[in-house]
>>> print(open('query.cif').read())   # mmCIF, C-alpha atoms and all ligand atoms
data_structure
#
loop_
_atom_site.label_atom_id
_atom_site.label_comp_id
_atom_site.auth_asym_id
_atom_site.auth_seq_id
_atom_site.Cartn_x
_atom_site.Cartn_y
_atom_site.Cartn_z
CA MET A 758 -8.65 9.30 -74.47
CA SER A 759 -11.78 9.97 -76.54
CA GLY A 760 -9.80 12.27 -78.87
CA ARG A 761 -7.60 9.33 -79.80
CA LEU A 762 -10.39 6.89 -80.55
CA PHE A 763 -11.75 6.58 -84.10
CA SER A 764 -14.42 4.45 -85.75
CA PHE A 765 -14.19 3.68 -89.45
CA VAL A 766 -17.75 2.98 -90.53
CA GLY A 767 -18.37 1.30 -93.86
CA GLY A 768 -21.97 1.84 -95.00
CA ASN A 769 -24.17 4.14 -97.05
CA THR A 770 -22.95 7.50 -95.74
CA GLY A 771 -19.72 9.42 -95.27
CA PRO A 772 -17.36 11.77 -97.06
CA TRP A 773 -15.33 8.97 -98.71
CA ARG A 774 -16.54 6.91 -101.69
CA VAL A 775 -15.21 3.35 -101.91
CA MET A 776 -13.53 2.69 -105.26
CA LYS A 777 -12.11 -0.75 -104.56
CA ASN A 778 -12.19 -3.30 -101.74
CA SER A 779 -9.62 -6.10 -102.11
CA VAL A 780 -8.68 -8.90 -99.75
CA ILE A 781 -4.94 -9.40 -99.66
CA VAL A 782 -4.98 -12.22 -97.10
CA GLY A 783 -7.60 -13.76 -94.81
CA GLU A 784 -11.27 -12.91 -94.48
CA SER A 785 -12.81 -10.09 -96.55
CA LEU A 786 -14.86 -7.08 -95.40
CA SER A 787 -18.26 -6.71 -97.07
CA ALA A 788 -18.56 -4.30 -99.99
CA VAL A 789 -19.94 -0.88 -99.01
CA PRO A 790 -20.40 2.32 -101.06
CA LYS A 791 -19.20 4.88 -98.48
CA LEU A 792 -16.90 5.32 -95.51
CA ASP A 793 -17.36 7.63 -92.54
CA ILE A 794 -14.76 8.35 -89.86
CA VAL A 795 -16.18 9.15 -86.44
CA SER A 796 -13.97 10.39 -83.64
CA GLY A 797 -14.70 10.07 -79.94
CA ALA A 798 -15.72 7.47 -77.42
CA GLY A 799 -19.43 7.13 -78.34
CA THR A 800 -20.45 3.70 -79.51
CA VAL A 801 -20.89 3.62 -83.26
CA GLU A 802 -23.58 1.19 -84.37
CA LYS A 803 -22.58 -1.21 -87.09
CA PRO A 804 -24.65 -0.26 -90.17
CA LEU A 805 -27.21 -2.89 -91.23
CA THR A 806 -25.18 -3.77 -94.27
CA GLY A 807 -21.62 -2.87 -93.46
CA TRP A 808 -19.09 -2.71 -90.64
CA SER A 809 -17.59 -0.51 -87.97
CA LEU A 810 -13.93 -0.84 -87.00
CA ARG A 811 -12.42 0.90 -83.98
CA GLY A 812 -8.85 1.98 -83.42
CA ILE A 813 -6.91 4.26 -81.12
CA THR A 814 -3.84 6.35 -81.79
CA SER A 815 -1.01 5.63 -79.39
CA ASN A 816 2.60 6.21 -78.47
CA GLU A 817 5.25 4.92 -80.85
CA ARG A 818 6.80 1.53 -80.18
CA TYR A 819 9.65 1.15 -82.64
CA VAL A 820 11.10 4.46 -83.86
CA MET A 821 14.52 5.56 -82.66
CA ARG A 822 15.21 9.26 -81.98
CA ASP A 823 17.07 9.91 -85.26
CA GLU A 824 14.30 8.18 -87.24
CA LYS A 825 11.67 10.20 -85.42
CA ASN A 826 13.47 13.45 -86.23
CA GLN A 827 13.64 12.53 -89.91
CA LEU A 828 9.96 11.59 -89.96
CA VAL A 829 8.88 14.83 -88.32
CA ALA A 830 10.95 16.83 -90.82
CA LYS A 831 9.53 15.03 -93.86
CA GLN A 832 5.98 13.92 -93.18
CA GLN A 833 2.79 15.81 -94.02
CA GLY A 834 -0.46 15.81 -92.10
CA LEU A 835 -3.85 14.52 -93.18
CA GLY A 836 -6.45 16.69 -94.88
CA ARG A 837 -4.32 18.32 -97.58
CA PRO A 838 -6.70 19.75 -100.24
CA GLU A 839 -4.88 17.93 -103.07
CA ALA A 840 -4.94 14.57 -101.27
CA THR A 841 -8.34 13.48 -102.57
CA MET A 842 -7.53 9.76 -102.49
CA ALA A 843 -7.13 7.53 -99.45
CA ALA A 844 -6.57 3.95 -98.41
CA LEU A 845 -7.85 2.19 -95.31
CA ILE A 846 -5.81 -0.95 -94.74
CA PRO A 847 -6.85 -2.94 -91.67
CA LEU A 848 -4.24 -5.51 -90.66
CA ARG A 849 -3.97 -8.39 -88.25
CA LYS A 850 -0.66 -9.94 -87.22
CA SER A 851 -0.24 -13.57 -86.15
CA ALA A 852 0.12 -15.02 -82.67
CA ALA A 853 3.77 -15.72 -83.57
CA TRP A 854 4.39 -11.96 -83.92
CA TRP A 855 2.77 -11.14 -80.60
CA ALA A 856 4.74 -13.90 -78.88
CA LEU A 857 8.01 -12.13 -79.77
CA THR A 858 9.68 -9.76 -77.35
CA GLN A 859 9.84 -6.02 -78.05
CA ASP A 860 13.49 -6.17 -79.16
CA GLU A 861 12.76 -9.09 -81.51
CA ARG A 862 9.85 -7.21 -83.04
CA ARG A 863 11.90 -4.03 -83.54
CA LYS A 864 14.63 -6.08 -85.26
CA LEU A 865 12.10 -7.65 -87.63
CA PHE A 866 10.32 -4.34 -88.23
CA GLU A 867 13.36 -2.24 -89.08
CA GLU A 868 16.73 -4.02 -89.22
CA GLN A 869 15.30 -6.95 -91.25
CA SER A 870 12.30 -5.44 -93.05
CA HIS A 871 13.36 -1.75 -93.26
CA HIS A 872 9.74 -0.67 -92.79
CA ASN A 873 10.55 2.93 -91.85
CA GLN A 874 13.49 3.21 -94.24
CA ILE A 875 11.25 2.11 -97.13
CA GLY A 876 8.31 4.24 -96.00
CA MET A 877 10.45 7.39 -95.63
CA GLN A 878 11.17 7.33 -99.37
CA TYR A 879 7.44 7.87 -99.98
CA LEU A 880 7.17 10.99 -97.85
CA PRO A 881 5.86 13.64 -98.15
CA ALA A 882 3.62 12.34 -101.01
CA ILE A 883 1.87 9.85 -98.73
CA ALA A 884 0.39 11.03 -95.41
CA ARG A 885 -0.31 8.33 -92.83
CA LYS A 886 -1.99 7.63 -89.53
CA LEU A 887 -1.81 4.47 -87.46
CA HIS A 888 -4.57 3.26 -85.13
CA HIS A 889 -4.15 0.35 -82.73
CA CYS A 890 -7.05 -2.04 -81.95
CA ARG A 891 -5.58 -4.78 -79.78
CA ASP A 892 -6.01 -3.11 -76.43
CA LEU A 893 -9.61 -1.99 -76.97
CA SER A 894 -11.20 -5.38 -76.33
CA GLU A 895 -10.55 -9.11 -76.35
CA ASN A 896 -11.80 -9.73 -79.86
CA GLU A 897 -11.26 -6.85 -82.25
CA PRO A 898 -11.13 -8.22 -85.81
CA PHE A 899 -7.87 -6.38 -86.63
CA ASP A 900 -4.75 -5.30 -84.73
CA PHE A 901 -4.21 -2.09 -86.72
CA LEU A 902 -6.22 0.28 -88.88
CA THR A 903 -3.80 2.08 -91.17
CA TRP A 904 -4.94 5.20 -93.04
CA PHE A 905 -3.17 6.95 -95.91
CA GLU A 906 -3.98 10.05 -97.98
CA PHE A 907 -2.43 11.10 -101.27
CA ALA A 908 -3.06 13.02 -104.49
CA PRO A 909 -4.33 11.05 -107.52
CA GLU A 910 -0.96 11.38 -109.27
CA HIS A 911 0.67 9.44 -106.42
CA GLU A 912 -1.60 6.39 -106.56
CA GLY A 913 1.03 4.41 -108.51
CA VAL A 914 3.71 5.39 -106.02
CA PHE A 915 1.49 4.19 -103.17
CA ASP A 916 1.03 0.81 -104.93
CA GLN A 917 4.81 0.55 -105.27
CA LEU A 918 5.22 1.20 -101.53
CA LEU A 919 2.75 -1.59 -100.75
CA GLU A 920 4.59 -3.96 -103.06
CA GLU A 921 7.85 -3.28 -101.22
CA LEU A 922 6.35 -3.68 -97.73
CA ARG A 923 4.36 -6.80 -98.64
CA ALA A 924 7.57 -8.47 -99.83
CA SER A 925 9.24 -7.87 -96.46
CA GLU A 926 9.79 -10.34 -93.64
CA GLU A 927 7.42 -8.38 -91.38
CA TRP A 928 4.54 -9.16 -93.77
CA GLN A 929 5.02 -12.92 -93.24
CA TYR A 930 3.38 -12.26 -89.88
CA ILE A 931 0.31 -10.65 -91.46
CA GLU A 932 -2.63 -13.05 -91.35
CA ARG A 933 -5.41 -10.67 -92.38
CA GLU A 934 -5.18 -7.65 -94.67
CA VAL A 935 -7.89 -5.80 -96.59
CA ASP A 936 -7.05 -2.92 -98.92
CA ILE A 937 -9.85 -0.37 -99.31
CA ARG A 938 -9.30 2.49 -101.75
CA LEU A 939 -11.30 5.66 -101.46
CA VAL A 940 -11.87 8.97 -103.12
CA ARG A 941 -13.23 12.05 -101.42
CA ALA A 942 -16.92 12.30 -102.34
CA ASP A 943 -16.56 16.05 -103.09
CA ALA A 944 -13.51 15.56 -105.34
C1 LIG A 1001 4.00 6.07 -96.01
C2 LIG A 1001 5.14 5.57 -95.60
C3 LIG A 1001 5.27 4.86 -94.28
C4 LIG A 1001 6.08 5.23 -93.27
C5 LIG A 1001 7.04 6.40 -93.24
C6 LIG A 1001 5.84 4.31 -92.18
C7 LIG A 1001 6.46 4.38 -90.95
C8 LIG A 1001 6.12 3.64 -89.86
C9 LIG A 1001 6.72 3.75 -88.57
C10 LIG A 1001 7.85 4.71 -88.21
C11 LIG A 1001 6.10 2.89 -87.75
C12 LIG A 1001 6.44 2.61 -86.28
C13 LIG A 1001 5.60 3.40 -85.32
C14 LIG A 1001 6.03 3.02 -83.90
O1 LIG A 1001 7.17 3.35 -83.56
O2 LIG A 1001 5.22 2.41 -83.19
C15 LIG A 1001 5.10 2.21 -88.52
C16 LIG A 1001 4.26 1.26 -88.01
C17 LIG A 1001 3.36 0.58 -88.77
N1 LIG A 1001 3.11 0.74 -90.12
FE1 LIG A 1001 4.06 1.98 -91.35
N2 LIG A 1001 4.91 3.38 -92.57
C18 LIG A 1001 4.54 3.68 -93.85
C19 LIG A 1001 3.65 2.97 -94.62
C20 LIG A 1001 2.93 1.89 -94.18
C21 LIG A 1001 2.00 1.13 -94.98
C22 LIG A 1001 1.71 1.39 -96.47
C23 LIG A 1001 1.43 0.20 -94.16
C24 LIG A 1001 0.37 -0.83 -94.43
C25 LIG A 1001 -0.01 -1.28 -95.57
C26 LIG A 1001 1.99 0.38 -92.84
C27 LIG A 1001 1.64 -0.34 -91.74
C28 LIG A 1001 2.14 -0.15 -90.49
C29 LIG A 1001 1.74 -0.92 -89.34
C30 LIG A 1001 0.69 -2.01 -89.27
C31 LIG A 1001 2.50 -0.45 -88.27
C32 LIG A 1001 2.46 -0.96 -86.82
C33 LIG A 1001 3.44 -2.10 -86.70
C34 LIG A 1001 3.44 -2.74 -85.35
O3 LIG A 1001 3.29 -2.02 -84.34
O4 LIG A 1001 3.60 -3.97 -85.30
N3 LIG A 1001 2.92 1.39 -92.90
N4 LIG A 1001 5.14 2.68 -89.82
#
>>> encode(input="query.cif", output="structure tokens")
Amino acid sequence: MSGRLFSFVGGNTGPWRVMKNSVIVGESLSAVPKLDIVSGAGTVEKPLTGWSLRGITSNERYVMRDEKNQLVAKQQGLGRPEATMAALIPLRKSAAWWALTQDERRKLFEEQSHHNQIGMQYLPAIARKLHHCRDLSENEPFDFLTWFEFAPEHEGVFDQLLEELRASEEWQYIEREVDIRLVRADA
């Protein structure tokens, strides 16, 4: 399990430089100059002035087989040399979302909001990784830590993707969202 657990540590060190830290909805995260990503089960201390968010990669909940096949054929992995920009977008969904049943959530996610259908149009330019927080403890500040990497020329395209998703029905269930933009410190 430790290989699936990641801590995103906002502080004074790390390979990613924070360019922008915007609250979209709900409470903000304090401004920090750098971001480090630490993998493994060791406890990561919260920096004196900063934060540490934990998430775990998991099995998929919503994709159907044909969607999965299309994703696998089109998506790119993290760490591409040209992808010197990134976004960390921690999200929390409302109690109303979590009170829905699995089939109701899938319907909202795809049939009504077209999350995957929209997202697929932005592959392979945008690489993504989803981390879940809910099952780690009783009171994690977010439900998801989403991570995206892209080349500087695709920053506008990434903003367009966010605009489309934020206008969807699924996003009416988002009660906390912070958008942190980063650039690789060696870029
Ligand atoms: C780059 C294009 C994108 C594609 C192809 C994509 C695709 C997907 C897919 C297939 C899932 C379902 C995984 C599962 O079956 O459990 C998912 C989940 C999710 N995505 Fe995206 N996505 C994209 C962009 C984004 C963006 C930009 C955000 C946030 C700003 C985002 C936030 C999420 C969240 C929070 C979940 C988990 C939803 C839940 O379990 O309730 N995605 N995405």
>>> residues_near_ligand(input="query.cif", ligand="ligand LIG 1001 (chain A)", cutoff="8 Å", atoms="all atoms listed in the file", output="PyMOL selection string")
chain A and resi 815-821+824-825+828+832+846-850+862+866+872-880+883-885+887+889+900-903+905+915+918-919+922-923+936
>>> residues_around(input="query.cif", residues="A:Gly812", least_positions_apart="2", cutoff="6 Å", atoms="only C-alpha atoms", output="VMD selection string")
chain A and resid 762 to 763 888 to 890
>>> closest_residue(input="query.cif", among="A:Glu934, A:Asp793, A:Glu868, A:Asp823", to="A:Thr770", atoms="all atoms listed in the file")
A:Asp793
>>> closest_residue(input="query.cif", among="A:Met776, A:Ala882, A:Val782, A:Ala788", to="A:Gln833", atoms="only C-alpha atoms")
A:Ala882
>>> residues_around(input="query.cif", residues="A:Ala840", least_positions_apart="3", cutoff="6 Å", atoms="only C-alpha atoms", output="VMD selection string")
chain A and resid 837 906 to 908
>>> atom_distance(input="query.cif", atom1="atom CA of A:Glu897", atom2="atom CA of A:Pro772")
24.6 Å
>>> atom_distance(input="query.cif", atom1="atom CA of A:Gln929", atom2="atom CA of A:Glu784")
16.3 Å
>>> closest_residue(input="query.cif", among="A:Ser809, A:Thr841, A:Gln869, A:Ser796", to="A:Arg941", atoms="all atoms listed in the file")
A:Thr841
>>> closest_residue(input="query.cif", among="A:Gly767, A:Pro790, A:Pro881, A:Pro804", to="A:Leu835", atoms="all atoms listed in the file")
A:Pro881
>>> decode(input="query.cif", residues="stretch 827-859 of chain A", atoms="C-alpha atoms", output="short mmCIF file (atom, residue, chain, number, x, y, z; two decimals), in the first residue's frame")
data_model
loop_
_atom_site.label_atom_id
_atom_site.label_comp_id
_atom_site.auth_asym_id
_atom_site.auth_seq_id
_atom_site.Cartn_x
_atom_site.Cartn_y
_atom_site.Cartn_z
CA GLN A 827 -9.90 4.56 -25.03
CA LEU A 828 -8.14 6.17 -22.07
CA VAL A 829 -5.33 3.64 -22.09
CA ALA A 830 -4.83 4.16 -25.83
CA LYS A 831 -4.71 7.96 -25.57
CA GLN A 832 -3.29 8.99 -22.22
CA GLN A 833 0.35 9.79 -21.43
CA GLY A 834 2.19 9.19 -18.20
CA LEU A 835 3.67 11.72 -15.80
CA GLY A 836 7.26 12.92 -16.01
CA ARG A 837 7.47 13.77 -19.72
CA PRO A 838 10.52 16.06 -20.22
CA GLU A 839 8.45 18.69 -22.04
CA ALA A 840 5.75 18.76 -19.36
CA THR A 841 7.40 21.39 -17.17
CA MET A 842 4.14 22.79 -15.82
CA ALA A 843 1.75 21.16 -13.37
CA ALA A 844 -1.41 21.77 -11.40
CA LEU A 845 -2.35 20.40 -8.00
CA ILE A 846 -6.09 20.76 -7.52
CA PRO A 847 -7.35 19.43 -4.18
CA LEU A 848 -11.13 18.98 -4.14
CA ARG A 849 -13.80 18.21 -1.61
CA LYS A 850 -17.30 17.06 -2.54
CA SER A 851 -20.40 17.72 -0.45
CA ALA A 852 -22.27 15.37 1.88
CA ALA A 853 -25.05 15.34 -0.74
CA TRP A 854 -22.66 13.71 -3.24
CA TRP A 855 -21.52 11.05 -0.78
CA ALA A 856 -25.12 10.29 0.16
CA LEU A 857 -25.85 9.22 -3.44
CA THR A 858 -25.62 5.60 -4.48
CA GLN A 859 -22.87 4.41 -6.84
#
